[in-house]
$ cat coords38.cif   # mmCIF, C-alpha atoms
data_data
loop_
_atom_site.label_atom_id
_atom_site.label_comp_id
_atom_site.auth_asym_id
_atom_site.auth_seq_id
_atom_site.Cartn_x
_atom_site.Cartn_y
_atom_site.Cartn_z
CA MET A 1 95.65 155.01 64.12
CA LEU A 2 98.96 153.83 65.53
CA ARG A 3 101.77 156.30 66.16
CA GLY A 4 103.87 154.55 63.81
CA LEU A 5 106.35 153.64 61.26
CA ILE A 6 106.04 152.98 57.59
CA LYS A 7 107.39 149.88 55.93
CA GLY A 8 111.18 149.66 56.32
CA ASP A 9 111.46 152.15 59.22
CA ASN A 10 113.11 151.18 62.49
CA VAL A 11 113.48 152.67 65.95
CA PHE A 12 115.10 151.79 69.27
CA VAL A 13 112.84 150.28 71.93
CA PRO A 14 113.53 149.72 75.67
CA THR A 15 115.38 146.52 76.59
CA THR A 16 112.64 145.33 78.89
CA ALA A 17 109.48 143.22 78.91
CA LEU A 18 107.36 144.42 76.00
CA ARG A 19 103.95 143.33 74.75
CA VAL A 20 103.34 143.13 71.03
CA ALA A 21 99.70 143.26 69.90
CA VAL A 22 98.90 141.89 66.44
CA ARG A 23 95.50 142.74 65.04
CA ASN A 24 93.11 141.70 63.45
CA ASP A 25 91.96 138.06 63.84
CA ILE A 26 94.90 136.40 62.11
CA ASP A 27 97.26 133.51 62.85
CA VAL A 28 100.45 134.72 64.52
CA ALA A 29 103.79 133.09 65.27
CA ALA A 30 107.23 134.24 66.37
CA LEU A 31 110.55 132.96 65.04
CA LEU A 32 113.64 133.42 67.21
CA VAL A 33 116.54 133.69 64.77
CA THR A 34 120.32 133.95 64.92
CA GLU A 35 122.45 136.55 63.16
CA GLN A 36 122.10 134.43 60.01
CA GLY A 37 118.34 135.04 60.14
CA ARG A 38 117.59 131.38 60.77
CA VAL A 39 116.05 129.39 63.63
CA ARG A 40 118.23 126.91 65.48
CA GLY A 41 115.50 124.27 65.59
CA ASP A 42 111.80 123.65 66.16
CA ALA A 43 111.95 125.07 69.69
CA ASP A 44 112.57 128.53 68.21
CA ILE A 45 109.07 128.55 66.67
CA VAL A 46 106.46 130.00 69.03
CA PHE A 47 102.87 129.55 67.89
CA HIS A 48 99.46 128.60 69.31
CA GLY A 49 100.39 124.90 69.51
CA ALA A 50 103.68 125.69 71.31
CA PRO A 51 102.92 129.06 72.89
CA ALA A 52 106.07 129.51 74.98
CA HIS A 53 109.76 129.43 74.05
CA PRO A 54 111.81 127.10 76.30
CA SER A 55 113.72 130.13 77.60
CA GLY A 56 110.46 131.69 78.78
CA ALA A 57 111.43 134.99 77.13
CA VAL A 58 108.81 134.84 74.35
CA ARG A 59 105.20 133.82 74.86
CA LEU A 60 102.07 133.88 72.73
CA SER A 61 98.47 134.23 73.90
CA ALA A 62 95.09 134.98 72.35
CA GLY A 63 93.15 138.01 73.46
CA GLU A 64 89.73 139.35 72.71
CA ASP A 65 88.50 141.01 69.52
CA GLY A 66 90.88 139.02 67.33
CA THR A 67 94.06 140.38 68.98
CA VAL A 68 97.04 138.08 69.49
CA TRP A 69 99.58 139.05 72.18
CA LEU A 70 103.27 138.32 71.94
CA ASP A 71 105.12 138.91 75.22
CA ALA A 72 108.83 139.44 74.68
CA ASP A 73 111.15 139.89 77.65
CA LEU A 74 114.05 141.32 75.69
CA ALA A 75 116.43 141.22 78.66
CA GLY A 76 115.82 137.46 78.93
CA VAL A 77 116.32 136.53 75.28
CA GLU A 78 119.24 134.14 74.84
CA GLU A 79 122.42 135.75 73.60
CA ALA A 80 122.54 133.51 70.52
CA VAL A 81 119.19 134.92 69.41
CA THR A 82 119.62 138.22 67.57
CA GLY A 83 116.06 138.74 66.36
CA VAL A 84 112.43 137.91 67.07
CA LEU A 85 110.33 137.88 63.89
CA VAL A 86 106.61 138.53 64.20
CA VAL A 87 104.90 136.38 61.56
CA ALA A 88 101.28 136.42 60.37
CA SER A 89 99.46 134.01 58.06
CA THR A 90 95.96 133.34 56.80
CA GLU A 91 94.01 130.11 56.75
CA GLU A 92 91.63 131.35 54.07
CA GLY A 93 92.08 134.11 51.52
CA ALA A 94 94.97 136.53 51.26
CA LEU A 95 96.42 139.12 53.62
CA ARG A 96 94.81 141.91 51.64
CA ASP A 97 91.48 140.59 52.95
CA VAL A 98 92.50 141.18 56.57
CA ARG A 99 91.19 144.56 57.67
CA GLY A 100 93.12 146.54 60.23
CA LEU A 101 96.23 144.35 60.16
CA SER A 102 98.70 146.05 62.48
CA VAL A 103 101.46 145.59 65.05
CA GLU A 104 101.67 147.65 68.23
CA VAL A 105 104.47 147.51 70.81
CA ILE A 106 103.39 148.34 74.35
CA GLY A 107 105.73 149.09 77.24
CA PRO A 108 105.48 147.95 80.89
CA ASP A 109 103.51 151.11 81.75
CA GLY A 110 100.83 150.26 79.20
CA ALA A 111 101.80 153.07 76.83
CA THR A 112 102.35 152.47 73.13
CA VAL A 113 106.03 152.52 72.26
CA VAL A 114 105.71 152.19 68.50
CA GLY A 115 103.37 150.73 65.93
CA TYR A 116 103.09 149.69 62.32
CA GLU A 117 99.92 149.45 60.25
CA VAL A 118 100.10 147.21 57.17
CA THR A 119 98.48 149.08 54.30
CA ASP A 120 99.95 147.43 51.21
CA ALA A 121 99.26 143.71 51.66
CA GLY A 122 98.39 141.87 48.48
CA GLY A 123 97.90 138.24 47.49
CA GLU A 124 100.35 136.92 50.07
CA THR A 125 99.19 134.31 52.58
CA ALA A 126 102.09 134.76 55.01
CA MET A 127 104.17 137.76 56.04
CA VAL A 128 106.97 138.82 58.35
CA LEU A 129 105.17 141.79 59.85
CA ALA A 130 107.89 143.14 62.07
CA GLU A 131 111.15 142.35 63.80
CA LEU A 132 112.66 143.01 67.20
CA TYR A 133 116.43 142.81 66.78
CA ARG A 134 119.67 143.58 68.59
CA ARG A 135 121.61 146.68 67.62
CA SER A 136 124.48 148.56 69.34
CA GLY A 137 123.92 146.91 72.71
CA GLY A 138 120.15 147.52 72.65
CA TRP A 139 117.05 146.47 70.75
CA LYS A 140 115.26 147.98 67.79
CA PHE A 141 111.87 147.45 66.16
CA ARG A 142 111.60 147.32 62.37
CA ALA A 143 108.41 147.50 60.30
CA VAL A 144 109.16 144.72 57.80
CA GLY A 145 105.99 143.89 55.84
CA GLN A 146 107.66 141.19 53.74
CA GLY A 147 105.00 138.91 52.23
CA TYR A 148 105.19 135.39 50.80
CA VAL A 149 102.81 134.32 48.05
CA ASP A 150 103.88 130.70 48.69
CA GLY A 151 102.77 131.08 52.30
CA LEU A 152 104.38 129.60 55.37
CA VAL A 153 106.38 127.10 53.35
CA GLY A 154 108.31 129.86 51.59
CA LEU A 155 108.65 131.95 54.73
CA ALA A 156 109.82 128.95 56.73
CA ALA A 157 112.38 127.91 54.14
CA ASP A 158 113.88 131.41 54.17
CA HIS A 159 114.42 131.19 57.93
CA GLY A 160 115.86 127.71 58.34
CA VAL A 161 112.72 125.79 59.27
CA GLU A 162 112.94 122.27 57.90
CA VAL A 163 109.69 121.62 56.07
CA PRO A 164 108.87 117.90 56.24
CA GLU A 165 108.13 116.23 52.96
CA GLU A 166 104.73 114.60 52.67
CA ALA A 167 104.77 110.91 51.88
CA PRO A 168 103.59 110.36 48.29
CA GLU A 169 100.09 109.01 47.89
CA VAL A 170 99.90 105.44 46.64
CA THR A 171 97.15 104.67 44.17
CA PRO A 172 95.43 101.27 44.33
CA GLU A 173 97.36 100.20 41.22
CA GLU A 174 100.66 101.03 42.93
CA ALA A 175 99.88 99.35 46.25
CA PRO A 176 102.40 96.60 47.06
CA GLU A 177 100.97 93.12 46.57
CA GLU A 178 102.92 91.70 49.49
CA ALA A 179 101.00 93.76 52.07
CA PRO A 180 97.29 93.27 51.36
CA GLU A 181 96.40 93.57 55.03
CA GLU A 182 96.96 97.34 54.83
CA ALA A 183 94.13 97.85 52.33
CA LEU A 184 90.96 99.37 53.78
CA PRO A 185 87.92 97.07 53.70
CA GLU A 186 84.60 98.00 52.19
CA PRO A 187 82.25 99.83 54.61
CA GLU A 188 80.08 96.76 55.27
CA GLU A 189 83.02 94.54 56.26
CA THR A 190 84.50 94.11 59.69
CA LEU A 191 87.78 95.91 60.17
CA PRO A 192 90.82 93.81 61.09
CA GLU A 193 92.25 93.80 64.59
CA PRO A 194 94.07 97.12 65.05
CA ARG A 195 97.86 96.99 65.06
CA ALA A 196 98.14 99.54 67.87
CA PRO A 197 95.77 100.88 70.54
CA ARG A 198 95.45 104.19 68.69
CA ALA A 199 94.07 102.68 65.49
CA PRO A 200 91.53 105.30 64.42
CA GLU A 201 89.30 103.04 62.32
CA ALA A 202 88.66 100.09 64.69
CA LEU A 203 84.89 100.28 64.18
CA PRO A 204 82.31 98.58 61.98
CA GLY A 205 81.98 100.33 58.63
CA ALA A 206 78.41 101.31 59.41
CA PHE A 207 79.65 103.27 62.41
CA LYS A 208 82.87 104.82 61.15
CA ASP A 209 81.07 106.79 58.45
CA ALA A 210 78.41 108.11 60.82
CA VAL A 211 79.48 111.74 60.97
CA PRO A 212 77.16 114.71 61.47
CA PRO A 213 75.30 115.30 58.18
CA ALA A 214 75.98 118.59 56.42
CA GLN A 215 72.36 118.79 55.35
CA ILE A 216 69.06 116.98 55.81
CA PRO A 217 68.87 114.20 53.22
CA ALA A 218 65.65 113.91 51.26
CA ARG A 219 65.59 110.16 51.87
CA VAL A 220 67.64 108.13 54.31
CA PRO A 221 69.36 105.15 52.66
CA PRO A 222 69.28 101.82 54.50
CA VAL A 223 72.18 101.17 56.85
CA PRO A 224 74.21 98.11 55.81
CA ALA A 225 74.49 95.32 58.34
CA ALA A 226 77.79 95.08 60.16
CA ALA A 227 79.35 92.05 61.77
CA PRO A 228 80.54 92.30 65.37
CA ALA A 229 83.70 94.36 65.63
CA PRO A 230 86.67 94.33 67.97
CA LEU A 231 86.58 96.87 70.75
CA PRO A 232 87.96 100.22 69.57
CA VAL A 233 90.58 100.56 72.33
CA PRO A 234 91.93 98.47 75.23
CA ASP A 235 89.74 98.42 78.36
CA TRP A 236 86.83 99.99 76.46
CA PRO A 237 83.91 99.87 78.93
CA TYR A 238 81.11 100.37 76.40
CA ASP A 239 81.32 97.19 74.33
CA HIS A 240 77.61 97.03 73.39
CA LEU A 241 77.71 97.90 69.72
CA PHE A 242 74.45 98.29 67.83
CA GLU A 243 73.31 99.40 64.41
CA PRO A 244 72.40 103.09 64.10
CA HIS A 245 68.76 104.02 64.66
CA THR A 246 67.52 106.62 62.18
CA LEU A 247 64.72 109.07 63.00
CA GLU A 248 63.17 111.79 60.84
CA GLY A 249 60.41 114.30 61.32
CA SER A 250 59.45 117.96 61.26
CA GLY A 251 58.78 120.45 64.01
CA ASN A 252 58.43 119.76 67.73
CA ASP A 253 58.68 116.09 68.60
CA VAL A 254 60.03 113.47 71.00
CA LEU A 255 62.96 111.41 69.77
CA ALA A 256 62.32 107.95 71.23
CA VAL A 257 64.30 104.73 70.74
CA GLU A 258 63.75 101.53 72.73
CA GLY A 259 65.86 98.45 73.22
CA LEU A 260 69.19 100.25 73.55
CA PRO A 261 71.93 99.09 75.92
CA PRO A 262 71.98 101.30 79.04
CA GLY A 263 74.76 103.86 79.03
CA PRO A 264 76.11 106.73 76.92
CA VAL A 265 75.27 107.00 73.23
CA LEU A 266 75.73 109.58 70.49
CA VAL A 267 72.88 111.43 68.79
CA ASP A 268 73.64 112.98 65.40
CA LEU A 269 71.09 115.72 64.81
CA ALA A 270 70.58 118.17 61.97
CA VAL A 271 67.68 120.62 61.76
CA GLN A 272 66.62 122.81 58.85
CA THR A 273 65.42 125.93 60.59
CA GLU A 274 65.50 129.68 60.53
CA GLY A 275 64.83 129.96 64.24
CA HIS A 276 65.27 128.34 67.64
CA THR A 277 66.46 124.77 68.30
CA ALA A 278 66.34 123.19 71.76
CA VAL A 279 66.82 119.63 73.01
CA TRP A 280 66.13 118.32 76.52
CA THR A 281 66.45 114.90 78.10
CA LEU A 282 63.15 113.63 79.51
CA THR A 283 62.58 111.99 82.90
CA PRO A 284 60.46 108.82 83.23
CA GLY A 285 57.69 111.20 84.30
CA ASN A 286 57.98 113.01 80.95
CA LYS A 287 59.47 116.19 82.42
CA GLU A 288 62.29 118.17 80.90
CA GLU A 289 65.60 117.51 82.64
CA ASP A 290 68.99 118.41 81.10
CA LEU A 291 69.09 121.08 78.38
CA LEU A 292 71.46 119.74 75.70
CA VAL A 293 70.88 122.34 72.97
CA ASN A 294 69.70 125.94 73.08
CA SER A 295 70.52 127.67 69.82
CA THR A 296 69.18 130.34 67.48
CA LYS A 297 71.52 129.41 64.61
CA LYS A 298 70.14 128.69 61.18
CA ASP A 299 70.24 125.05 60.07
CA TRP A 300 71.61 123.72 63.34
CA ARG A 301 73.64 120.51 63.46
CA GLY A 302 75.77 118.69 65.98
CA ARG A 303 76.46 115.45 67.81
CA LEU A 304 75.08 115.10 71.33
CA LEU A 305 76.13 112.91 74.23
CA ALA A 306 73.15 111.27 75.94
CA VAL A 307 72.81 108.48 78.51
CA VAL A 308 70.28 105.68 78.01
CA PRO A 309 68.52 104.74 81.28
CA LEU A 310 68.51 101.20 82.66
CA ASP A 311 65.16 100.46 80.95
CA GLY A 312 66.85 100.89 77.55
CA ARG A 313 64.54 103.75 76.45
CA LEU A 314 66.15 106.94 75.14
CA ARG A 315 63.76 109.90 75.05
CA LEU A 316 64.73 113.43 74.03
CA LYS A 317 62.40 116.39 73.56
CA LEU A 318 63.10 118.43 70.43
CA SER A 319 61.80 121.96 69.89
CA ALA A 320 62.37 123.04 66.29
CA ALA A 321 60.48 124.78 63.50
CA GLY A 322 61.61 122.72 60.54
CA PRO A 323 62.44 119.24 59.23
CA TRP A 324 65.05 117.28 61.14
CA HIS A 325 67.12 114.12 60.82
CA ALA A 326 68.69 112.14 63.68
CA ARG A 327 70.79 109.02 64.14
CA VAL A 328 71.43 107.27 67.46
CA LEU A 329 74.89 105.69 67.46
CA PRO A 330 77.03 103.69 69.89
CA LEU A 331 79.66 105.63 71.78
CA ALA A 332 82.31 103.71 69.82
CA ALA A 333 81.38 105.89 66.83
CA ALA A 334 83.04 108.90 68.45
CA ARG A 335 85.45 110.58 66.05
CA ARG A 336 89.14 110.09 66.79
CA LEU A 337 91.49 112.90 67.71
CA THR A 338 94.72 112.70 65.74
CA GLU A 339 97.51 115.02 64.69
CA ASP A 340 95.51 115.89 61.56
CA ALA A 341 93.02 118.74 61.71
CA LEU A 342 89.50 117.60 62.53
CA GLU A 343 86.91 120.05 61.25
CA SER A 344 83.44 120.20 62.80
CA TRP A 345 80.49 122.42 63.65
CA GLY A 346 78.44 122.42 66.84
CA PRO A 347 78.60 119.95 69.74
CA GLU A 348 80.72 116.85 69.23
CA VAL A 349 82.17 113.85 71.07
CA LEU A 350 85.80 112.99 70.38
CA LEU A 351 88.01 110.13 71.50
CA HIS A 352 91.68 110.31 72.47
CA THR A 353 93.71 107.16 73.12
CA GLY A 354 97.38 107.13 73.91
CA GLU A 355 99.92 109.21 75.75
CA ALA A 356 99.31 112.49 77.53
CA THR A 357 99.34 115.37 75.08
CA ASP A 358 97.63 118.63 74.20
CA VAL A 359 94.56 119.27 72.06
CA ALA A 360 94.68 122.50 70.05
CA PHE A 361 91.21 124.00 69.50
CA HIS A 362 90.33 126.87 67.17
CA TYR A 363 86.72 128.01 67.66
CA ARG A 364 85.17 130.46 65.20
CA GLY A 365 81.73 130.92 66.68
CA ASP A 366 80.46 133.96 68.53
CA SER A 367 78.73 132.30 71.49
CA ASN A 368 79.59 129.78 74.22
CA PHE A 369 82.34 127.24 73.61
CA ILE A 370 82.35 124.66 76.42
CA VAL A 371 84.48 121.51 76.49
CA ASP A 372 84.73 118.89 79.22
CA SER A 373 86.17 115.37 79.29
CA TYR A 374 85.76 111.90 80.78
CA VAL A 375 88.54 109.47 81.68
CA LEU A 376 87.38 106.03 80.52
CA THR A 377 90.51 104.12 81.53
CA GLY A 378 89.63 102.03 84.58
CA HIS A 379 85.91 102.84 84.37
CA LYS A 380 83.85 99.73 85.22
CA ASP A 381 80.19 100.71 84.90
CA PRO A 382 78.99 100.60 81.26
CA ALA A 383 75.60 102.05 82.25
CA LYS A 384 77.09 105.38 83.31
CA LEU A 385 79.60 107.99 82.31
CA PRO A 386 82.59 108.43 84.61
CA GLU A 387 82.90 111.55 86.69
CA SER A 388 83.52 114.49 84.39
CA ARG A 389 86.54 116.69 84.83
CA TYR A 390 85.73 120.32 85.46
CA PRO A 391 85.05 121.93 82.05
CA TYR A 392 88.46 122.98 80.87
CA ILE A 393 87.13 125.40 78.29
CA ASN A 394 84.24 127.70 79.08
CA GLU A 395 84.54 130.79 76.93
CA ILE A 396 82.48 133.07 74.71
CA GLY A 397 83.49 134.01 71.19
CA ARG A 398 86.43 133.10 69.02
CA ARG A 399 89.14 131.24 70.86
CA ARG A 400 92.44 129.46 70.36
CA GLU A 401 93.35 127.05 73.12
CA ALA A 402 96.02 124.38 73.50
CA LEU A 403 94.79 122.19 76.34
CA PRO A 404 96.13 119.06 78.08
CA VAL A 405 94.55 115.61 78.02
CA PRO A 406 95.89 112.80 80.21
CA SER A 407 97.11 109.43 78.98
CA GLY A 408 94.69 106.57 78.49
CA THR A 409 91.28 106.55 76.85
CA ILE A 410 89.59 109.93 77.13
CA LEU A 411 86.27 111.25 75.82
CA VAL A 412 86.59 114.91 74.90
CA HIS A 413 83.10 116.40 74.92
CA VAL A 414 82.48 119.61 73.01
CA GLN A 415 79.34 120.40 74.97
CA ARG A 416 78.44 123.82 73.51
CA ALA A 417 79.51 125.25 70.17
CA ASP A 418 77.31 127.35 67.92
CA GLY A 419 79.78 127.65 65.11
CA PRO A 420 82.66 125.99 63.25
CA TRP A 421 85.80 124.76 64.98
CA ARG A 422 88.79 122.56 64.43
CA ALA A 423 90.84 120.36 66.75
CA ARG A 424 94.02 118.37 66.51
CA LEU A 425 96.49 116.71 68.82
CA LYS A 426 99.62 118.75 69.32
CA GLN A 427 102.46 117.57 67.14
CA PRO A 428 105.69 116.39 68.74
CA SER A 429 107.49 118.68 66.30
CA ALA A 430 106.59 122.34 66.44
CA ALA A 431 107.62 122.86 62.83
CA VAL A 432 105.40 120.03 61.61
CA SER A 433 102.41 121.37 63.53
CA TRP A 434 102.94 124.96 62.41
CA LEU A 435 103.28 124.04 58.75
CA ARG A 436 100.78 121.18 58.54
CA ARG A 437 97.73 123.32 57.79
CA VAL A 438 99.25 124.65 54.56
CA ARG A 439 98.90 121.08 53.28
CA ASP A 440 95.36 120.52 54.59
#

$ encode --input "coords38.cif" --output "structure tokens"
Amino acid sequence: MLRGLIKGDNVFVPTTALRVAVRNDIDVAALLVTEQGRVRGDADIVFHGAPAHPSGAVRLSAGEDGTVWLDADLAGVEEAVTGVLVVASTEEGALRDVRGLSVEVIGPDGATVVGYEVTDAGGETAMVLAELYRRSGGWKFRAVGQGYVDGLVGLAADHGVEVPEEAPEVTPEEAPEEAPEEALPEPEETLPEPRAPRAPEALPGAFKDAVPPAQIPARVPPVPAAAPAPLPVPDWPYDHLFEPHTLEGSGNDVLAVEGLPPGPVLVDLAVQTEGHTAVWTLTPGNKEEDLLVNSTKKDWRGRLLAVVPLDGRLRLKLSAAGPWHARVLPLAAARRLTEDALESWGPEVLLHTGEATDVAFHYRGDSNFIVDSYVLTGHKDPAKLPESRYPYINEIGRRREALPVPSGTILVHVQRADGPWRARLKQPSAAVSWLRRVRD
């Protein structure tokens, strides 16, 4: 139990570098506000996609056990800023469902200065938990506990954050006749030449819909034929597109496909199981080589990155105690990273094209989460993957990370993930990124 305040209480705190711990496993942000209680702009929103204020005085980081840390150097806060609001919000459910929701202020010596435990949360989905604010030449902490049933949108509007309006959806009947080229083709047609390098759908229809199945289908429908498609991005080294190969079976087996172009491919795999799932690559001598999957999760699924040898024969050893379904796809079927949230489960291969930016990951599993990447720009050998960067995420348990990717064409490889996760490119506007998920 925190030595603490009740809702509405306030107390002076030292004007120094303090750490604010927010528990328990909830989204946290900080708003730096003026004496009018409003932010001056997007830069005054500190959240996991923009974890540091430009002044350096307020920073956000994720800790273990669902704790989020807000570091506030009160002596370094700009004079125009009169308050730092500690904000919490939920992605699912209401705040009353969050057990142990609390705020604890810790001094430089590691001792607790003050705390506040939220005990009366209701159906709200966003709340100003607490506030650090200037008073009489010093700083005070107030236990606020002000909730918003309308979530971050209502909270943001109260504090001067400009909420962008979503463009209205246009039904087919309302689509302008003078711009037919914008209409999406049917899945079996060839997509038109993309207007910009980052066009996310520059793939044959048979490939663009090839996402990891949520369950094992009872019967696999035939894959429609697809005409040759333009390359998905400039300087794409893996231009050998092919129709997906579908495999089905039950129990231990070898997944074997011949006649593939040498080089990297994707393997969608879903297994109905109550026990262990493992996948290895096999050498020409039929020996296990690289371990791609080692999981005890029920009903495992994911998308694997494998490399077809020069003889065009892909062979993977599967150890599983249940029915399974697999599809071998060209690398061009990799899902595109955009500024919209991409939801997935298990291993995955993602494609980024464009300028240098950050990818924000939110992993909700309880085991290893490993991500590495490959720079395809300038790569000349279609039979191989480029040199991998050192894995830039290698963690265990729930994580929030905002990580850099360089400019160009980059494969982002979620190598290990036994659980759900989401990823999105960091928005140029902090306010847009912070508020976007309320519209997802």

$ resolve_selection --input "coords38.cif" --expression "the PyMOL selection byres ((chain A and resi 383) around 12)" --output "ChimeraX atom specification"
/A:237-240,260-265,306-312,331,379-382,384-386

$ residues_around --input "coords38.cif" --residues "A:Leu18" --least-positions-apart "4" --cutoff "10 Å" --atoms "only C-alpha atoms" --output "PyMOL selection string"
chain A and resi 13-14+58+70-75+105-110+112-113

$ resolve_selection --input "coords38.cif" --expression "the PyMOL selection byres ((chain A and resi 299) around 8)" --output "VMD selection string"
chain A and resid 270 to 274 297 to 298 300 to 301

$ atom_distance --input "coords38.cif" --atom1 "atom CA of A:Met127" --atom2 "atom CA of A:Arg142"
13.7 Å

$ closest_residue --input "coords38.cif" --among "A:Ile393, A:Val267, A:Glu248, A:Arg315" --to "A:Asn286" --atoms "all atoms listed in the file"
A:Arg315
